[in-house]
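Okay, run-v3.tsv now, which holds TSV, C-alpha atoms:
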chain	number	residue	atom	x	y	z
A	1	MET	CA	-32.33	39.32	-67.11
A	2	ALA	CA	-35.78	37.81	-67.25
A	3	ASN	CA	-35.18	35.50	-64.28
A	4	PHE	CA	-33.69	38.09	-61.94
A	5	THR	CA	-35.55	38.28	-58.60
A	6	PRO	CA	-33.69	40.98	-56.66
A	7	ILE	CA	-36.24	41.60	-53.88
A	8	SER	CA	-36.75	37.99	-52.79
A	9	ALA	CA	-32.99	37.47	-53.17
A	10	ALA	CA	-32.24	40.40	-50.86
A	11	VAL	CA	-34.87	39.40	-48.27
A	12	GLY	CA	-33.76	35.75	-48.28
A	13	GLY	CA	-30.09	36.70	-48.14
A	14	ALA	CA	-30.72	39.00	-45.16
A	15	LEU	CA	-32.48	36.13	-43.34
A	16	ILE	CA	-29.50	33.86	-44.00
A	17	GLY	CA	-27.26	36.56	-42.55
A	18	LEU	CA	-29.58	36.98	-39.56
A	19	ALA	CA	-29.40	33.24	-38.87
A	20	ALA	CA	-25.60	33.33	-39.03
A	21	VAL	CA	-25.43	36.26	-36.60
A	22	LEU	CA	-27.94	34.69	-34.19
A	23	LEU	CA	-26.03	31.40	-34.10
A	24	MET	CA	-22.84	33.26	-33.19
A	25	MET	CA	-24.51	35.51	-30.60
A	26	LEU	CA	-26.45	32.69	-28.95
A	27	ASN	CA	-24.24	29.60	-29.34
A	28	GLY	CA	-20.92	31.09	-30.42
A	29	ARG	CA	-20.83	29.03	-33.59
A	30	ILE	CA	-20.20	29.61	-37.28
A	31	ALA	CA	-23.29	28.83	-39.39
A	32	GLY	CA	-21.47	26.62	-41.85
A	33	ILE	CA	-23.59	23.76	-43.13
A	34	THR	CA	-20.52	21.65	-43.97
A	35	GLY	CA	-19.27	21.76	-40.38
A	36	VAL	CA	-22.71	21.35	-38.83
A	37	PHE	CA	-23.54	18.36	-41.04
A	38	ALA	CA	-20.13	16.66	-40.76
A	39	GLY	CA	-20.03	16.97	-36.98
A	40	LEU	CA	-23.44	15.35	-36.87
A	41	ILE	CA	-22.74	12.30	-39.07
A	42	ASP	CA	-19.04	11.69	-38.37
A	43	PRO	CA	-18.27	8.99	-35.78
A	44	ALA	CA	-15.72	11.42	-34.32
A	45	GLY	CA	-18.22	14.27	-34.29
A	46	SER	CA	-19.30	16.19	-31.24
A	47	ASP	CA	-22.12	18.37	-29.94
A	48	ARG	CA	-24.64	16.37	-31.92
A	49	VAL	CA	-27.75	17.78	-30.28
A	50	TRP	CA	-27.50	21.40	-31.44
A	51	ARG	CA	-26.29	20.24	-34.86
A	52	ALA	CA	-29.31	17.98	-35.22
A	53	THR	CA	-31.76	20.71	-34.20
A	54	PHE	CA	-30.13	23.16	-36.64
A	55	ILE	CA	-30.57	20.67	-39.48
A	56	ALA	CA	-34.14	19.98	-38.32
A	57	GLY	CA	-34.89	23.72	-38.47
A	58	LEU	CA	-33.38	23.91	-41.95
A	59	ILE	CA	-35.79	21.24	-43.20
A	60	ALA	CA	-38.73	22.51	-41.14
A	61	ALA	CA	-38.66	25.92	-42.86
A	62	PRO	CA	-39.67	24.72	-46.34
A	63	LEU	CA	-42.09	22.25	-44.73
A	64	SER	CA	-43.87	25.07	-42.93
A	65	ALA	CA	-43.87	27.06	-46.17
A	66	ILE	CA	-45.85	24.20	-47.71
A	67	LEU	CA	-48.25	24.22	-44.74
A	68	LEU	CA	-48.77	27.94	-45.30
A	69	GLY	CA	-49.89	27.12	-48.82
A	70	LEU	CA	-46.70	28.27	-50.56
A	71	THR	CA	-45.34	26.21	-53.43
A	72	LEU	CA	-42.11	24.33	-52.89
A	73	PRO	CA	-41.03	23.64	-56.47
A	74	LEU	CA	-39.58	20.18	-56.95
A	75	PRO	CA	-35.88	20.82	-57.50
A	76	HIS	CA	-34.84	20.49	-61.11
A	77	MET	CA	-32.23	17.71	-60.99
A	78	PRO	CA	-30.15	15.97	-63.68
A	79	SER	CA	-31.97	13.12	-65.41
A	80	SER	CA	-29.11	10.79	-64.51
A	81	LEU	CA	-28.96	9.56	-60.90
A	82	THR	CA	-25.33	8.61	-61.56
A	83	VAL	CA	-24.45	12.24	-62.25
A	84	THR	CA	-26.44	13.28	-59.17
A	85	ALA	CA	-24.62	10.77	-56.95
A	86	ALA	CA	-21.21	11.70	-58.37
A	87	ALA	CA	-21.91	15.38	-57.76
A	88	GLY	CA	-23.03	14.60	-54.19
A	89	LEU	CA	-19.80	12.71	-53.52
A	90	LEU	CA	-17.73	15.61	-54.90
A	91	VAL	CA	-19.64	18.15	-52.82
A	92	GLY	CA	-19.36	16.06	-49.63
A	93	PHE	CA	-15.66	15.25	-50.04
A	94	GLY	CA	-14.67	18.67	-51.38
A	95	THR	CA	-16.43	20.78	-48.75
A	96	ARG	CA	-14.97	18.61	-46.01
A	97	LEU	CA	-11.45	18.88	-47.44
A	98	SER	CA	-11.69	22.65	-47.76
A	99	ASN	CA	-13.56	22.92	-44.45
A	100	GLY	CA	-16.53	24.87	-45.71
A	101	CYS	CA	-19.05	25.59	-48.40
A	102	THR	CA	-21.18	28.46	-49.62
A	103	SER	CA	-22.36	29.23	-46.08
A	104	GLY	CA	-19.19	28.69	-44.02
A	105	HIS	CA	-16.73	30.22	-46.50
A	106	GLY	CA	-19.03	32.20	-48.80
A	107	VAL	CA	-21.06	33.99	-46.12
A	108	CYS	CA	-19.53	33.58	-42.64
A	109	GLY	CA	-15.90	33.52	-43.82
A	110	ILE	CA	-16.08	36.46	-46.21
A	111	ALA	CA	-18.03	38.42	-43.57
A	112	ARG	CA	-14.99	37.92	-41.28
A	113	LEU	CA	-12.77	39.05	-44.20
A	114	SER	CA	-10.89	35.75	-43.94
A	115	PRO	CA	-8.41	35.47	-46.84
A	116	ARG	CA	-8.84	31.69	-46.67
A	117	SER	CA	-12.58	31.92	-47.18
A	118	ILE	CA	-12.28	34.56	-49.90
A	119	ALA	CA	-9.86	32.28	-51.76
A	120	ALA	CA	-12.09	29.23	-51.28
A	121	THR	CA	-15.17	31.07	-52.54
A	122	ALA	CA	-13.35	32.43	-55.60
A	123	ILE	CA	-12.07	28.93	-56.42
A	124	PHE	CA	-15.35	27.01	-56.02
A	125	MET	CA	-17.27	29.69	-57.93
A	126	ALA	CA	-14.73	29.60	-60.76
A	127	ALA	CA	-14.79	25.79	-60.89
A	128	ALA	CA	-18.59	25.73	-60.95
A	129	ILE	CA	-18.73	28.40	-63.68
A	130	VAL	CA	-16.34	26.34	-65.84
A	131	VAL	CA	-18.41	23.18	-65.31
A	132	VAL	CA	-21.66	24.96	-66.20
A	133	ALA	CA	-20.06	26.47	-69.30
A	134	LEU	CA	-18.86	23.02	-70.37
A	135	THR	CA	-22.09	21.14	-69.63
A	136	ARG	CA	-24.46	23.78	-71.03
A	137	ARG	CA	-22.49	25.26	-73.92
A	138	VAL	CA	-19.98	22.66	-75.06
A	139	PHE	CA	-21.55	19.26	-74.35
A	140	GLY	CA	-25.10	20.33	-73.56
A	141	ALA	CA	-28.07	20.82	-75.80
B	1	MET	CA	-31.44	26.06	-24.61
B	2	ARG	CA	-28.53	25.70	-27.02
B	3	ALA	CA	-30.53	23.14	-28.96
B	4	LEU	CA	-33.58	25.40	-29.12
B	5	ALA	CA	-31.44	28.36	-30.17
B	6	SER	CA	-29.88	26.44	-33.03
B	7	LEU	CA	-33.29	25.06	-34.05
B	8	ILE	CA	-34.48	28.65	-34.47
B	9	CYS	CA	-31.28	29.61	-36.33
B	10	GLY	CA	-31.66	26.66	-38.69
B	11	TYR	CA	-35.30	27.57	-39.22
B	12	VAL	CA	-34.49	31.20	-40.10
B	13	PHE	CA	-31.66	30.00	-42.35
B	14	GLY	CA	-34.06	27.62	-44.11
B	15	TRP	CA	-36.60	30.40	-44.70
B	16	GLY	CA	-33.79	32.49	-46.13
B	17	LEU	CA	-32.88	29.74	-48.57
B	18	PHE	CA	-36.53	29.23	-49.51
B	19	ILE	CA	-37.39	32.90	-50.05
B	20	SER	CA	-34.15	33.67	-51.89
B	21	GLY	CA	-34.83	30.93	-54.44
B	22	MET	CA	-31.51	29.29	-53.68
B	23	MET	CA	-33.21	25.95	-53.01
B	24	ARG	CA	-33.83	25.84	-56.76
B	25	PRO	CA	-30.85	24.37	-58.62
B	26	ASP	CA	-32.03	25.94	-61.90
B	27	LYS	CA	-31.75	29.39	-60.30
B	28	VAL	CA	-28.24	28.68	-58.98
B	29	LEU	CA	-27.13	27.33	-62.37
B	30	GLY	CA	-28.71	30.40	-63.99
B	31	PHE	CA	-26.22	32.49	-62.01
B	32	LEU	CA	-23.24	30.25	-62.71
B	33	ASP	CA	-24.02	30.33	-66.45
B	34	VAL	CA	-22.08	33.54	-67.08
B	35	LEU	CA	-21.98	32.86	-70.82
B	36	ALA	CA	-25.67	33.80	-70.77
B	37	ILE	CA	-24.77	37.42	-69.95
B	38	PRO	CA	-24.60	38.61	-73.60
B	39	SER	CA	-28.02	37.14	-74.38
B	40	GLY	CA	-29.63	38.77	-71.35
B	41	GLN	CA	-30.66	35.42	-69.86
B	42	TRP	CA	-28.20	35.56	-66.96
B	43	ASP	CA	-29.72	35.52	-63.43
B	44	PRO	CA	-27.67	37.60	-60.96
B	45	SER	CA	-29.95	36.72	-58.00
B	46	LEU	CA	-27.30	34.63	-56.21
B	47	ALA	CA	-24.99	37.66	-56.10
B	48	VAL	CA	-27.76	39.69	-54.43
B	49	VAL	CA	-28.38	36.88	-51.91
B	50	MET	CA	-24.70	36.84	-51.01
B	51	ALA	CA	-24.44	40.64	-50.83
B	52	ALA	CA	-27.43	40.89	-48.48
B	53	ALA	CA	-26.22	37.97	-46.34
B	54	LEU	CA	-22.73	39.48	-46.14
B	55	ALA	CA	-24.03	42.93	-45.16
B	56	VAL	CA	-26.07	41.51	-42.27
B	57	THR	CA	-23.42	39.00	-41.19
B	58	GLY	CA	-20.59	41.54	-41.37
B	59	ALA	CA	-22.45	44.04	-39.18
B	60	GLY	CA	-23.72	41.35	-36.80
B	61	TYR	CA	-20.33	39.69	-36.39
B	62	ALA	CA	-18.80	43.08	-35.53
B	63	MET	CA	-21.25	43.24	-32.61
B	64	ALA	CA	-20.78	39.56	-31.73
B	65	ARG	CA	-17.01	40.07	-31.38
B	66	ARG	CA	-17.53	42.43	-28.47
B	67	ARG	CA	-19.61	40.08	-26.36
B	68	THR	CA	-19.78	36.50	-25.19
B	69	PRO	CA	-22.52	34.28	-26.57
B	70	VAL	CA	-25.67	33.79	-24.50
B	71	PHE	CA	-25.50	30.00	-24.12
B	72	GLU	CA	-21.74	29.37	-24.38
B	73	GLU	CA	-18.66	30.57	-22.57
B	74	LYS	CA	-17.02	32.00	-25.66
B	75	ASN	CA	-17.37	32.49	-29.39
B	76	ARG	CA	-15.63	29.88	-31.49
B	77	TRP	CA	-14.16	31.88	-34.32
B	78	PRO	CA	-12.24	29.80	-36.86
B	79	THR	CA	-8.51	29.85	-36.21
B	80	GLN	CA	-7.06	28.64	-39.49
B	81	SER	CA	-5.58	31.23	-41.81
B	82	ALA	CA	-3.38	29.41	-44.36
B	83	ILE	CA	-4.47	29.11	-47.96
B	84	ASP	CA	-3.18	25.55	-48.23
B	85	ARG	CA	-3.50	22.68	-50.66
B	86	PRO	CA	-6.51	21.01	-48.97
B	87	LEU	CA	-8.39	24.31	-49.18
B	88	VAL	CA	-7.63	24.74	-52.89
B	89	ALA	CA	-8.19	21.10	-53.87
B	90	GLY	CA	-11.37	20.79	-51.80
B	91	SER	CA	-12.80	24.00	-53.25
B	92	ILE	CA	-12.17	22.76	-56.81
B	93	LEU	CA	-13.89	19.42	-56.11
B	94	PHE	CA	-16.81	21.15	-54.43
B	95	GLY	CA	-17.14	23.62	-57.30
B	96	VAL	CA	-17.25	20.81	-59.86
B	97	GLY	CA	-20.02	19.01	-57.96
B	98	TRP	CA	-21.93	22.26	-57.42
B	99	GLY	CA	-21.72	23.11	-61.11
B	100	LEU	CA	-22.95	19.65	-62.12
B	101	VAL	CA	-26.21	19.83	-60.15
B	102	GLY	CA	-26.62	23.32	-58.70
B	103	LEU	CA	-26.95	22.16	-55.11
B	104	CYS	CA	-24.59	23.02	-52.26
B	105	PRO	CA	-24.97	21.45	-48.78
B	106	GLY	CA	-27.52	23.86	-47.25
B	107	PRO	CA	-30.08	23.84	-50.07
B	108	ALA	CA	-29.53	20.10	-50.59
B	109	ILE	CA	-30.50	19.37	-46.98
B	110	ALA	CA	-33.41	21.85	-47.00
B	111	ASN	CA	-34.73	20.19	-50.18
B	112	LEU	CA	-35.10	16.93	-48.24
B	113	ALA	CA	-38.45	18.47	-47.32
B	114	SER	CA	-39.67	17.48	-50.79
B	115	LEU	CA	-38.59	13.84	-50.28
B	116	SER	CA	-37.76	13.68	-53.96
B	117	THR	CA	-35.58	10.71	-54.88
B	118	PRO	CA	-32.78	12.64	-56.65
B	119	VAL	CA	-32.37	14.93	-53.63
B	120	VAL	CA	-32.17	11.97	-51.25
B	121	VAL	CA	-29.58	10.35	-53.54
B	122	PHE	CA	-27.59	13.59	-53.59
B	123	VAL	CA	-27.61	14.03	-49.80
B	124	VAL	CA	-26.70	10.37	-49.14
B	125	ALA	CA	-23.81	10.69	-51.61
B	126	MET	CA	-22.78	13.93	-49.91
B	127	ALA	CA	-22.74	12.16	-46.54
B	128	LEU	CA	-20.67	9.32	-48.00
B	129	GLY	CA	-18.23	11.83	-49.49
B	130	THR	CA	-17.87	13.51	-46.10
B	131	LEU	CA	-17.33	10.20	-44.30
B	132	ALA	CA	-14.88	9.01	-46.99
B	133	HIS	CA	-12.81	12.11	-46.40
B	134	ASP	CA	-12.78	11.63	-42.64
B	135	LEU	CA	-11.88	7.92	-42.86
B	136	TRP	CA	-9.12	8.70	-45.35
B	137	PHE	CA	-7.49	11.33	-43.18
B	138	ALA	CA	-8.12	9.65	-39.85
B	139	ARG	CA	-5.86	6.77	-41.00
B	140	GLY	CA	-2.94	8.67	-42.48
B	141	ALA	CA	-1.36	11.81	-41.19
B	142	ALA	CA	-3.56	13.07	-38.42
B	143	GLY	CA	-1.85	16.43	-38.73
B	144	ARG	CA	-3.40	16.87	-42.15
B	145	ALA	CA	-6.89	16.49	-40.82
B	146	PRO	CA	-8.04	19.86	-39.54
B	147	SER	CA	-11.51	18.57	-40.20
B	148	LEU	CA	-11.32	16.29	-37.18
B	149	ALA	CA	-11.40	19.38	-35.02
B	150	PRO	CA	-14.86	20.67	-35.93
B	151	ALA	CA	-14.63	23.40	-33.32
B	152	ASN	CA	-12.06	25.19	-35.44
B	153	ALA	CA	-13.65	24.46	-38.79
B	154	ASP	CA	-14.24	27.40	-41.09
B	155	GLY	CA	-17.76	26.31	-41.71

Would you give me this structure, written as structure tokens?
Amino acid sequence: MANFTPISAAVGGALIGLAAVLLMMLNGRIAGITGVFAGLIDPAGSDRVWRATFIAGLIAAPLSAILLGLTLPLPHMPSSLTVTAAAGLLVGFGTRLSNGCTSGHGVCGIARLSPRSIAATAIFMAAAIVVVALTRRVFGA
Amino acid sequence: MRALASLICGYVFGWGLFISGMMRPDKVLGFLDVLAIPSGQWDPSLAVVMAAALAVTGAGYAMARRRTPVFEEKNRWPTQSAIDRPLVAGSILFGVGWGLVGLCPGPAIANLASLSTPVVVFVVAMALGTLAHDLWFARGAAGRAPSLAPANADG
């Protein structure tokens, strides 16, 4: 487990949890990125101001990390922009259809012990594991 | 004040993603690659991120349930409970896209900070996927579009 980083994972995870709790205690909202993002860009969306500031904060964090002199590694993306775009479409459509992603279902939903969110998380994890197995082990180099 | 509160929440969330390493698709894929377990190359970090986030959120939500939020009249807890076909189908589609690139919506948006072209392409495609869904379901059976009631969305 050469790549395992348990301490930064635990600290970062706790901060994600703290953000979710704060958003509920202050604004009464679930910290689900799917819902925040969709309500911001959808013509039928609502409450755009707090959604926009949440997204702004999300982007401002890594920006301020750069200003502090920390390295923001360029994300390692597929060489094909077609694959990238197809994956983006699947993520956008899928999370909207299932009403949540890793944050809304995986963190906030499981924390509420919602059977719906537990099922969603098990399914998207399983699907992603199968895809990685196929792309890395069967078709990959 | 609501806007400032959510700015701070988004900022803390973003730091969490940054510190945890979850903005790095290679790290996420390193977790999803469970066939690497026998060789010792598997990276369980994502499981630790989730466990820590769940511990804090679970405890914090238990407190939040007993009070009203500071800047709103009431907490908006999700109201849906059925494990229905949209939930299952949507989760499969999301999982496939996540497995292809290693980015889910939060880290994808946070990575816009790098202004790298592939990330911008991914987020634009993600927005189009979201809008395609909403257009699709806004036309047909409105009853099948829980998504058009963001207040009750799971996340």

Would you please work out which residue, of B:Leu32, B:Met63, B:Val121, B:Leu17, is nearest to Gly57 (chain A) when using only C-alpha atoms?
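For Gly57 (chain A), the nearest of the given residues is B:Leu17.
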
Using all atoms listed in the file, pick whichever of B:Pro69, B:Gly90, B:Ala5, B:Ala62 has the shortest atom-to-atom distance to Val49 (chain A).
B:Ala5

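Counting only C-alpha atoms and comparing A:Thr102, A:Ile55, A:Ala111, A:Ile16, the residue that lies closest to Met125 (chain A) is A:Thr102.
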
Quick one: residues within 6 Å of Ser117 (chain A), all atoms listed in the file, excluding same-chain residues fewer than 6 positions away - as an MDAnalysis selection string?
chainID A and resid 105 109:110

Would you pick out the contacts of Gly102 (chain B) at 8 Å or less, using only C-alpha atoms, so that residues sharing its chain but fewer than 5 positions from it are not included, and give the list as a list of chain:residue names?
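So the residues in contact are B:Arg24, B:Pro25, B:Asp26, B:Val28, B:Leu29, B:Gly97.
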
Excluding Leu4 (chain B) and residues on its chain fewer than 5 positions from it, collect all residues at most 10 Å away from it, counting all atoms listed in the file, and give them as a list in words.
Val49, Trp50, Thr53, Phe54 and Gly57 of chain A; Cys9 and Gly10 of chain B

Could you dump the residues just selected with C-alpha atoms as a PDB file, keeping the file's coordinate frame?
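Writing the result to again.pdb gives the following:
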ATOM      1  CA  VAL A  49     -27.750  17.780 -30.280  1.00  0.00           C
ATOM      2  CA  TRP A  50     -27.500  21.400 -31.440  1.00  0.00           C
ATOM      3  CA  THR A  53     -31.760  20.710 -34.200  1.00  0.00           C
ATOM      4  CA  PHE A  54     -30.130  23.160 -36.640  1.00  0.00           C
ATOM      5  CA  GLY A  57     -34.890  23.720 -38.470  1.00  0.00           C
TER       6      GLY A  57
ATOM      7  CA  CYS B   9     -31.280  29.610 -36.330  1.00  0.00           C
ATOM      8  CA  GLY B  10     -31.660  26.660 -38.690  1.00  0.00           C
TER       9      GLY B  10
END

Grab the CA of Phe139 (chain A) to CA of Ile109 (chain B) distance for me, in Å with one decimal place.
28.8 Å

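Nearest residue to Asn75 (chain B) among B:Leu87, B:Tyr61, B:Trp42, B:Val124 is B:Tyr61, counting only C-alpha atoms.
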
What is the CA of Ala20 (chain A) to CA of Arg76 (chain B) distance in Å?
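Atom-to-atom, CA of Ala20 (chain A) and CA of Arg76 (chain B) are spaced 13.0 Å apart.
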
Counting all atoms listed in the file, figure out which residue out of B:Ala64, B:Ala82, B:Val120, B:Ala89 gets nearest to Met25 (chain A).
B:Ala64

Neighbour list for region 9-14 of chain A as a PDB file with C-alpha atoms, in the coordinates of the input, cut-off 8 Å, only C-alpha atoms, skip fewer than 2 positions in-chain:
ATOM      1  CA  THR A   5     -35.550  38.280 -58.600  1.00  0.00           C
ATOM      2  CA  PRO A   6     -33.690  40.980 -56.660  1.00  0.00           C
ATOM      3  CA  ILE A   7     -36.240  41.600 -53.880  1.00  0.00           C
ATOM      4  CA  ILE A  16     -29.500  33.860 -44.000  1.00  0.00           C
ATOM      5  CA  GLY A  17     -27.260  36.560 -42.550  1.00  0.00           C
ATOM      6  CA  LEU A  18     -29.580  36.980 -39.560  1.00  0.00           C
TER       7      LEU A  18
ATOM      8  CA  TRP B  15     -36.600  30.400 -44.700  1.00  0.00           C
ATOM      9  CA  GLY B  16     -33.790  32.490 -46.130  1.00  0.00           C
ATOM     10  CA  LEU B  17     -32.880  29.740 -48.570  1.00  0.00           C
ATOM     11  CA  PHE B  18     -36.530  29.230 -49.510  1.00  0.00           C
ATOM     12  CA  ILE B  19     -37.390  32.900 -50.050  1.00  0.00           C
ATOM     13  CA  SER B  20     -34.150  33.670 -51.890  1.00  0.00           C
ATOM     14  CA  GLY B  21     -34.830  30.930 -54.440  1.00  0.00           C
ATOM     15  CA  SER B  45     -29.950  36.720 -58.000  1.00  0.00           C
ATOM     16  CA  LEU B  46     -27.300  34.630 -56.210  1.00  0.00           C
ATOM     17  CA  VAL B  48     -27.760  39.690 -54.430  1.00  0.00           C
ATOM     18  CA  VAL B  49     -28.380  36.880 -51.910  1.00  0.00           C
ATOM     19  CA  MET B  50     -24.700  36.840 -51.010  1.00  0.00           C
ATOM     20  CA  ALA B  51     -24.440  40.640 -50.830  1.00  0.00           C
ATOM     21  CA  ALA B  52     -27.430  40.890 -48.480  1.00  0.00           C
ATOM     22  CA  ALA B  53     -26.220  37.970 -46.340  1.00  0.00           C
ATOM     23  CA  ALA B  55     -24.030  42.930 -45.160  1.00  0.00           C
ATOM     24  CA  VAL B  56     -26.070  41.510 -42.270  1.00  0.00           C
TER      25      VAL B  56
END
